[in-house]
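Enquirer: Please find one structure pasted underneath; my questions will follow.
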Amino acid sequence: MAVLEMPELTALAPPMILALTALVLFTYDSINPRSTNRPVIAGVATVGSLASLGVAVWFILSGVGTPLEEGGNGVFDLFEGQLIVDQMALFFMIIVGVVTALVSIASYDYLRDHTYQAEYYSLILLAATGMSTMASANSLVTIFIALELASLPSFALVAILKSDRGSVEAGLKYFLIGAMSSAIFVYGISLVYGATGHMQLDAIANNLDAAEEMNGLLGIGVLMLIGGFAYKTASVPFHFWAPEAYEGAPAPISAFLSSASKAAGFVIAFRVFTTAFPLDAMQTLGVDWSIAFIVLAIVTMTVGNFAAATQDNVKRMLAYSSVGHAGYALIGLAGLTVDGGELVLGAAMMHLLVYGFMNTGAFLFVALAEYWGVGRTFEDYNGLSKQAPVACVALAVFMFSLAGIPPFGGFWSKYFLFTGALEAASTNVWLLVVAAALVINSALSLYYYSRLVKAVWIEDAVLERESLSQPTGLYAAIVVAAVMTVLILPGFGPVADAAINAAGAIVA
């Protein structure tokens, strides 16, 4: 194919397109400082994110990242293995591209009166560049650099509403906790390097035997890496920043962080623990990291869902719900066994893809409500369906899909997680507890998700509202997210195949 004739560096086209688009916006802003030409600025950001998404989809369909022996165009190793473009990398580049495009479209209306338009979109694209690069990072060094490239713009985006005290406070809290987690993560990297003498993931795995005398040091290093990943994915006990950051940030940024950033955190966790720390070798050293992820998965989904059920603020409810969904995705690591586990890991990848549509759409509905000047509590949302039926139909789709109700995509991703956990339980009986926790917490989540649907469709408005406008960008992003949440059902076969194949390639 034509892909084979291109230089290897073009395999990194998705993150490179995002970075170049950010630079185009920086250049435009330097020529036209303080420009408020929203159609041009938002249009450039949307086109760039869609181009990145399109290239990633084209690559995965044309066999880029698929091993040659399986009939593909091969896995691309770049910079002596520091970066790798395989099926998993492309799968998560697609998730980042989808969320970035939806957020860019929605922000067109949400930021109508904001002064720093070009800076806002540039920061989104730079953060997306870091997240997309995290998907292909194959060394602890490149992982950390990509992680910081994603994190630093995110801190600024949370606090970008400088006249809003809540936004600034949320940004400061996010930054301080992020700095602490980065220190923990870097210290973990240094301990792993001290025990194995390598940073590249493959080289770490090949030198685990040499670390036998330093297995205590290696164990502490692995534990600190888990802490760093737990922060990035908003997993318990490093989840406290999420409700504060999501509530204070502009709602499209809350959508961006809770979907794309979470997916990026999981892809590096998946790659590190399957490639650098294979379970059989680590168990021989007395370091069984699967136990940590079993505990994390159960505690995270339980704490997230119980906390969400007690919230009266819609944004905080979605924030704690996001913590709960991190627990579901952690089943992908908890269910890995010495014999494999590609089904449960692939199921976690499927869930993160579906989550990218349904959770982003849910937060964008909150952005629409904020655009209308609706309050933040469930009661404030009462009766919205009478004035905005299309948006409220989309909200119902998001809520029921997040709860795992058939026939929406969220049901199938949870179904695969459940069956994957049961399959892995034949090797580790604790996975039965994980599977039970998944079912119980999904049932609990239906309470607070249906509560929001009840508010917009059944309850009467507390106060009379003026007629509500229909902002083009926000409506378009919400409708597209809802349509994809529904349409992903008939297309779930190819999605499942792509996810399981990508998982099988790194688990093998």
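By order in the structure tokens, chains are A, B, ...; within a chain, residues start at 1; ligands start at 1, following the order shown.
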Skipping near chain neighbours, those fewer than 6 positions away, what residues fall within 9 Å of range 369-372 of chain A using only C-alpha atoms, listed as a short mmCIF file (atom, residue, chain, number, x, y, z; two decimals) with C-alpha atoms, in the first residue's frame?

Expert:
data_model
loop_
_atom_site.label_atom_id
_atom_site.label_comp_id
_atom_site.auth_asym_id
_atom_site.auth_seq_id
_atom_site.Cartn_x
_atom_site.Cartn_y
_atom_site.Cartn_z
CA ASP A 109 -20.37 28.60 21.23
CA TYR A 110 -19.30 28.06 24.83
CA ALA A 251 -17.57 22.23 30.88
CA TYR A 381 -32.49 21.04 35.13
CA LEU A 468 -33.67 28.77 25.00
CA SER A 469 -31.36 29.35 22.05
CA PRO A 471 -26.18 27.18 19.65
#

Enquirer: As a ChimeraX atom specification, please: the residues near Glu464 in chain A (cut-off 12 Å, only C-alpha atoms, same-chain neighbours under 2 positions excluded).

Expert: /A:374,380-384,386-387,460-462,466-468

Enquirer: Any idea what's packed within 9 Å of Ser107 in chain A, counting only C-alpha atoms, ignoring anything in its chain fewer than 3 positions away? Could you give it as a list in words?

Expert: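 Contacts, with the query itself left out: Ala42, Leu102, Val103, Ser104, Tyr110, Leu111, Arg112, Tyr121, Pro252, Ile253, Ala367, Gly473 and Leu474 of chain A.
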
Enquirer: Once you have the residues from the selection above, write them out as an mmCIF file, in the first residue's frame, restricted to all heavy atoms.

Expert:
data_model
loop_
_atom_site.group_PDB
_atom_site.id
_atom_site.type_symbol
_atom_site.label_atom_id
_atom_site.label_comp_id
_atom_site.auth_asym_id
_atom_site.auth_seq_id
_atom_site.Cartn_x
_atom_site.Cartn_y
_atom_site.Cartn_z
ATOM 1 N N ALA A 42 -11.813 28.386 15.746
ATOM 2 C CA ALA A 42 -12.442 27.106 16.061
ATOM 3 C C ALA A 42 -12.418 26.175 14.846
ATOM 4 O O ALA A 42 -12.254 24.956 14.990
ATOM 5 C CB ALA A 42 -13.882 27.328 16.520
ATOM 6 N N LEU A 102 -14.850 16.822 19.132
ATOM 7 C CA LEU A 102 -16.127 17.185 19.750
ATOM 8 C C LEU A 102 -15.985 18.417 20.644
ATOM 9 O O LEU A 102 -16.836 19.320 20.620
ATOM 10 C CB LEU A 102 -16.659 16.002 20.563
ATOM 11 C CG LEU A 102 -17.156 14.782 19.776
ATOM 12 C CD1 LEU A 102 -17.502 13.643 20.731
ATOM 13 C CD2 LEU A 102 -18.365 15.138 18.930
ATOM 14 N N VAL A 103 -14.910 18.463 21.420
ATOM 15 C CA VAL A 103 -14.699 19.596 22.331
ATOM 16 C C VAL A 103 -14.419 20.882 21.543
ATOM 17 O O VAL A 103 -14.902 21.961 21.898
ATOM 18 C CB VAL A 103 -13.546 19.279 23.310
ATOM 19 C CG1 VAL A 103 -13.126 20.523 24.073
ATOM 20 C CG2 VAL A 103 -13.973 18.187 24.280
ATOM 21 N N SER A 104 -13.670 20.781 20.459
ATOM 22 C CA SER A 104 -13.381 21.959 19.628
ATOM 23 C C SER A 104 -14.655 22.523 19.017
ATOM 24 O O SER A 104 -14.855 23.749 18.972
ATOM 25 C CB SER A 104 -12.388 21.594 18.520
ATOM 26 O OG SER A 104 -11.150 21.192 19.058
ATOM 27 N N TYR A 110 -19.507 27.913 23.391
ATOM 28 C CA TYR A 110 -19.301 28.057 24.829
ATOM 29 C C TYR A 110 -18.385 29.235 25.141
ATOM 30 O O TYR A 110 -18.589 29.949 26.124
ATOM 31 C CB TYR A 110 -18.711 26.764 25.385
ATOM 32 C CG TYR A 110 -18.656 26.721 26.896
ATOM 33 C CD1 TYR A 110 -19.741 26.256 27.625
ATOM 34 C CD2 TYR A 110 -17.528 27.149 27.588
ATOM 35 C CE1 TYR A 110 -19.711 26.208 29.013
ATOM 36 C CE2 TYR A 110 -17.477 27.113 28.968
ATOM 37 C CZ TYR A 110 -18.577 26.647 29.674
ATOM 38 O OH TYR A 110 -18.537 26.622 31.050
ATOM 39 N N LEU A 111 -17.371 29.466 24.304
ATOM 40 C CA LEU A 111 -16.397 30.536 24.557
ATOM 41 C C LEU A 111 -16.681 31.796 23.734
ATOM 42 O O LEU A 111 -15.768 32.512 23.353
ATOM 43 C CB LEU A 111 -14.989 30.032 24.234
ATOM 44 C CG LEU A 111 -14.393 29.021 25.210
ATOM 45 C CD1 LEU A 111 -13.000 28.633 24.775
ATOM 46 C CD2 LEU A 111 -14.360 29.561 26.621
ATOM 47 N N ARG A 112 -17.955 32.048 23.478
ATOM 48 C CA ARG A 112 -18.312 33.156 22.584
ATOM 49 C C ARG A 112 -17.799 34.509 23.081
ATOM 50 O O ARG A 112 -17.485 35.379 22.287
ATOM 51 C CB ARG A 112 -19.824 33.204 22.389
ATOM 52 C CG ARG A 112 -20.604 33.459 23.678
ATOM 53 C CD ARG A 112 -22.084 33.103 23.521
ATOM 54 N NE ARG A 112 -22.869 33.431 24.708
ATOM 55 C CZ ARG A 112 -22.887 32.712 25.809
ATOM 56 N NH1 ARG A 112 -22.132 31.635 25.894
ATOM 57 N NH2 ARG A 112 -23.642 33.067 26.834
ATOM 58 N N TYR A 121 -7.677 27.171 22.224
ATOM 59 C CA TYR A 121 -7.643 26.048 21.285
ATOM 60 C C TYR A 121 -6.228 25.486 21.132
ATOM 61 O O TYR A 121 -6.056 24.271 20.958
ATOM 62 C CB TYR A 121 -8.200 26.476 19.928
ATOM 63 C CG TYR A 121 -9.693 26.678 19.926
ATOM 64 C CD1 TYR A 121 -10.248 27.952 19.978
ATOM 65 C CD2 TYR A 121 -10.556 25.586 19.894
ATOM 66 C CE1 TYR A 121 -11.628 28.134 19.982
ATOM 67 C CE2 TYR A 121 -11.937 25.761 19.896
ATOM 68 C CZ TYR A 121 -12.463 27.039 19.944
ATOM 69 O OH TYR A 121 -13.824 27.209 19.954
ATOM 70 N N PRO A 252 -16.621 22.113 28.559
ATOM 71 C CA PRO A 252 -15.943 21.349 27.502
ATOM 72 C C PRO A 252 -14.585 20.811 27.936
ATOM 73 O O PRO A 252 -14.177 19.727 27.505
ATOM 74 C CB PRO A 252 -15.792 22.377 26.365
ATOM 75 C CG PRO A 252 -16.877 23.370 26.600
ATOM 76 C CD PRO A 252 -16.997 23.463 28.090
ATOM 77 N N ILE A 253 -13.890 21.536 28.804
ATOM 78 C CA ILE A 253 -12.598 21.048 29.309
ATOM 79 C C ILE A 253 -12.814 19.896 30.275
ATOM 80 O O ILE A 253 -12.028 18.939 30.315
ATOM 81 C CB ILE A 253 -11.819 22.197 29.981
ATOM 82 C CG1 ILE A 253 -11.550 23.314 28.966
ATOM 83 C CG2 ILE A 253 -10.504 21.691 30.576
ATOM 84 C CD1 ILE A 253 -10.830 22.839 27.707
ATOM 85 N N ALA A 367 -22.380 21.778 29.453
ATOM 86 C CA ALA A 367 -21.895 23.021 28.827
ATOM 87 C C ALA A 367 -23.051 23.786 28.197
ATOM 88 O O ALA A 367 -23.123 25.022 28.286
ATOM 89 C CB ALA A 367 -20.833 22.689 27.774
ATOM 90 N N GLY A 473 -22.756 24.989 17.416
ATOM 91 C CA GLY A 473 -21.615 24.137 17.744
ATOM 92 C C GLY A 473 -21.925 23.140 18.839
ATOM 93 O O GLY A 473 -21.648 21.945 18.714
ATOM 94 N N LEU A 474 -22.515 23.626 19.935
ATOM 95 C CA LEU A 474 -22.844 22.737 21.053
ATOM 96 C C LEU A 474 -23.857 21.675 20.635
ATOM 97 O O LEU A 474 -23.699 20.492 20.948
ATOM 98 C CB LEU A 474 -23.393 23.561 22.216
ATOM 99 C CG LEU A 474 -22.353 24.192 23.151
ATOM 100 C CD1 LEU A 474 -22.990 25.252 24.030
ATOM 101 C CD2 LEU A 474 -21.693 23.118 24.010
#

Enquirer: Among range 78-167 of chain A, which residues does DSSP mark as helix (DSSP H, G or I) when it is run on the backbone? Keep the chain and numbering as in the structure and answer as a ChimeraX atom specification.

Expert: /A:87-110,117-136,140-158,165-167

Enquirer: Do you have, as JSON lines, the list of residues of range 262-328 of chain A lying at most 10 Å from range 217-224 of chain A, each with its nearest atom pair and that distance in Å to one decimal, counting only C-alpha atoms and ordered by chain then number?

Expert:
{"residue": "A:Val272", "atom": "CA", "partner": "A:Val222", "partner_atom": "CA", "distance": 10.0}
{"residue": "A:Phe273", "atom": "CA", "partner": "A:Val222", "partner_atom": "CA", "distance": 9.1}
{"residue": "A:Phe277", "atom": "CA", "partner": "A:Val222", "partner_atom": "CA", "distance": 8.7}
{"residue": "A:Met282", "atom": "CA", "partner": "A:Gly219", "partner_atom": "CA", "distance": 9.0}
{"residue": "A:Leu285", "atom": "CA", "partner": "A:Gly219", "partner_atom": "CA", "distance": 8.9}
{"residue": "A:Gly286", "atom": "CA", "partner": "A:Gly219", "partner_atom": "CA", "distance": 8.4}
{"residue": "A:Val287", "atom": "CA", "partner": "A:Gly219", "partner_atom": "CA", "distance": 5.9}
{"residue": "A:Asp288", "atom": "CA", "partner": "A:Gly219", "partner_atom": "CA", "distance": 8.9}
{"residue": "A:Trp289", "atom": "CA", "partner": "A:Val222", "partner_atom": "CA", "distance": 7.9}
{"residue": "A:Ala292", "atom": "CA", "partner": "A:Leu223", "partner_atom": "CA", "distance": 8.4}

Enquirer: Need the shell around Met131 in chain A: protein/DNA/RNA residues with any atom at most 10 Å away, counting only C-alpha atoms. Skip same-chain ones fewer than 6 positions apart. Format as a VMD selection string?

Expert: chain A and resid 15 92 to 93 95 to 97 125 137 143 146 to 151 260 to 265 267 to 268

Enquirer: Contacts of Ala276 in chain A at 8 Å or less, counting only C-alpha atoms, minus same-chain residues fewer than 2 places along, as a list in words?

Expert: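 The residues satisfying every condition are Gln200, Leu201, Asp202, Ala203, Ile204, Ala205, Arg271, Val272, Phe273, Thr274 and Pro278 of chain A.
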
Enquirer: Restricting it to all heavy atoms, dump the selection as a short mmCIF file (atom, residue, chain, number, x, y, z; two decimals), in the first residue's frame.

Expert:
data_model
loop_
_atom_site.label_atom_id
_atom_site.label_comp_id
_atom_site.auth_asym_id
_atom_site.auth_seq_id
_atom_site.Cartn_x
_atom_site.Cartn_y
_atom_site.Cartn_z
N GLN A 200 13.75 1.68 28.64
CA GLN A 200 12.87 1.20 27.58
C GLN A 200 12.10 -0.02 28.08
O GLN A 200 12.65 -0.89 28.75
CB GLN A 200 13.68 0.85 26.34
CG GLN A 200 12.82 0.74 25.08
CD GLN A 200 13.65 0.80 23.82
OE1 GLN A 200 14.59 1.62 23.72
NE2 GLN A 200 13.35 -0.05 22.87
N LEU A 201 10.82 -0.09 27.73
CA LEU A 201 9.95 -1.10 28.32
C LEU A 201 10.40 -2.52 27.99
O LEU A 201 10.43 -3.39 28.87
CB LEU A 201 8.50 -0.88 27.86
CG LEU A 201 7.90 0.51 28.17
CD1 LEU A 201 6.43 0.55 27.79
CD2 LEU A 201 8.08 0.88 29.64
N ASP A 202 10.75 -2.78 26.75
CA ASP A 202 11.21 -4.12 26.37
C ASP A 202 12.49 -4.49 27.12
O ASP A 202 12.64 -5.64 27.57
CB ASP A 202 11.46 -4.19 24.86
CG ASP A 202 10.19 -3.99 24.06
OD1 ASP A 202 9.13 -4.37 24.56
OD2 ASP A 202 10.26 -3.45 22.94
N ALA A 203 13.39 -3.53 27.24
CA ALA A 203 14.67 -3.79 27.92
C ALA A 203 14.46 -4.06 29.40
O ALA A 203 15.15 -4.89 30.00
CB ALA A 203 15.62 -2.61 27.71
N ILE A 204 13.50 -3.37 30.01
CA ILE A 204 13.19 -3.63 31.43
C ILE A 204 12.73 -5.07 31.60
O ILE A 204 13.18 -5.80 32.50
CB ILE A 204 12.10 -2.66 31.93
CG1 ILE A 204 12.66 -1.23 32.00
CG2 ILE A 204 11.60 -3.08 33.31
CD1 ILE A 204 11.60 -0.18 32.30
N ALA A 205 11.82 -5.51 30.71
CA ALA A 205 11.32 -6.89 30.80
C ALA A 205 12.43 -7.91 30.62
O ALA A 205 12.47 -8.94 31.31
CB ALA A 205 10.23 -7.10 29.74
N ARG A 271 0.30 -0.45 28.56
CA ARG A 271 1.56 -0.78 27.87
C ARG A 271 2.68 -1.09 28.87
O ARG A 271 3.44 -2.03 28.70
CB ARG A 271 1.98 0.36 26.94
CG ARG A 271 3.07 -0.06 25.96
CD ARG A 271 3.44 1.05 25.01
NE ARG A 271 2.36 1.45 24.13
CZ ARG A 271 2.00 0.79 23.03
NH1 ARG A 271 2.60 -0.35 22.72
NH2 ARG A 271 1.02 1.24 22.27
N VAL A 272 2.78 -0.30 29.93
CA VAL A 272 3.87 -0.50 30.90
C VAL A 272 3.75 -1.86 31.58
O VAL A 272 4.72 -2.61 31.68
CB VAL A 272 3.88 0.64 31.94
CG1 VAL A 272 4.76 0.27 33.13
CG2 VAL A 272 4.38 1.93 31.31
N PHE A 273 2.54 -2.20 32.04
CA PHE A 273 2.43 -3.41 32.84
C PHE A 273 2.36 -4.69 32.01
O PHE A 273 2.66 -5.77 32.51
CB PHE A 273 1.23 -3.30 33.79
CG PHE A 273 1.51 -2.39 34.94
CD1 PHE A 273 1.13 -1.06 34.91
CD2 PHE A 273 2.23 -2.83 36.04
CE1 PHE A 273 1.42 -0.19 35.96
CE2 PHE A 273 2.54 -1.98 37.09
CZ PHE A 273 2.14 -0.67 37.05
N THR A 274 1.99 -4.57 30.74
CA THR A 274 2.02 -5.77 29.90
C THR A 274 3.38 -5.97 29.25
O THR A 274 3.79 -7.11 29.02
CB THR A 274 0.95 -5.70 28.80
OG1 THR A 274 1.12 -4.49 28.04
CG2 THR A 274 -0.44 -5.74 29.40
N PRO A 278 5.88 -8.11 32.74
CA PRO A 278 5.01 -9.27 32.48
C PRO A 278 4.74 -10.03 33.77
O PRO A 278 5.62 -10.20 34.61
CB PRO A 278 5.82 -10.11 31.48
CG PRO A 278 7.23 -9.61 31.58
CD PRO A 278 7.14 -8.19 31.98
#

Enquirer: Do a neighbour search on Glu342 in chain A at 6 Å with only C-alpha atoms, toss out local chain neighbours closer than 2 positions, and write the hits as a PyMOL selection string.

Expert: chain A and resi 340+344-346+500+503-504

Enquirer: Include C-alpha atoms and write out the residues we just selected as an mmCIF file, in the first residue's frame.

Expert:
data_model
loop_
_atom_site.group_PDB
_atom_site.id
_atom_site.type_symbol
_atom_site.label_atom_id
_atom_site.label_comp_id
_atom_site.auth_asym_id
_atom_site.auth_seq_id
_atom_site.Cartn_x
_atom_site.Cartn_y
_atom_site.Cartn_z
ATOM 1 C CA GLY A 340 -3.034 -14.058 28.806
ATOM 2 C CA VAL A 344 -10.627 -8.470 29.391
ATOM 3 C CA LEU A 345 -7.938 -5.969 28.307
ATOM 4 C CA GLY A 346 -9.671 -5.560 24.950
ATOM 5 C CA ILE A 500 -9.042 -7.577 21.204
ATOM 6 C CA ALA A 503 -4.733 -6.234 23.309
ATOM 7 C CA GLY A 504 -3.611 -9.654 22.122
#
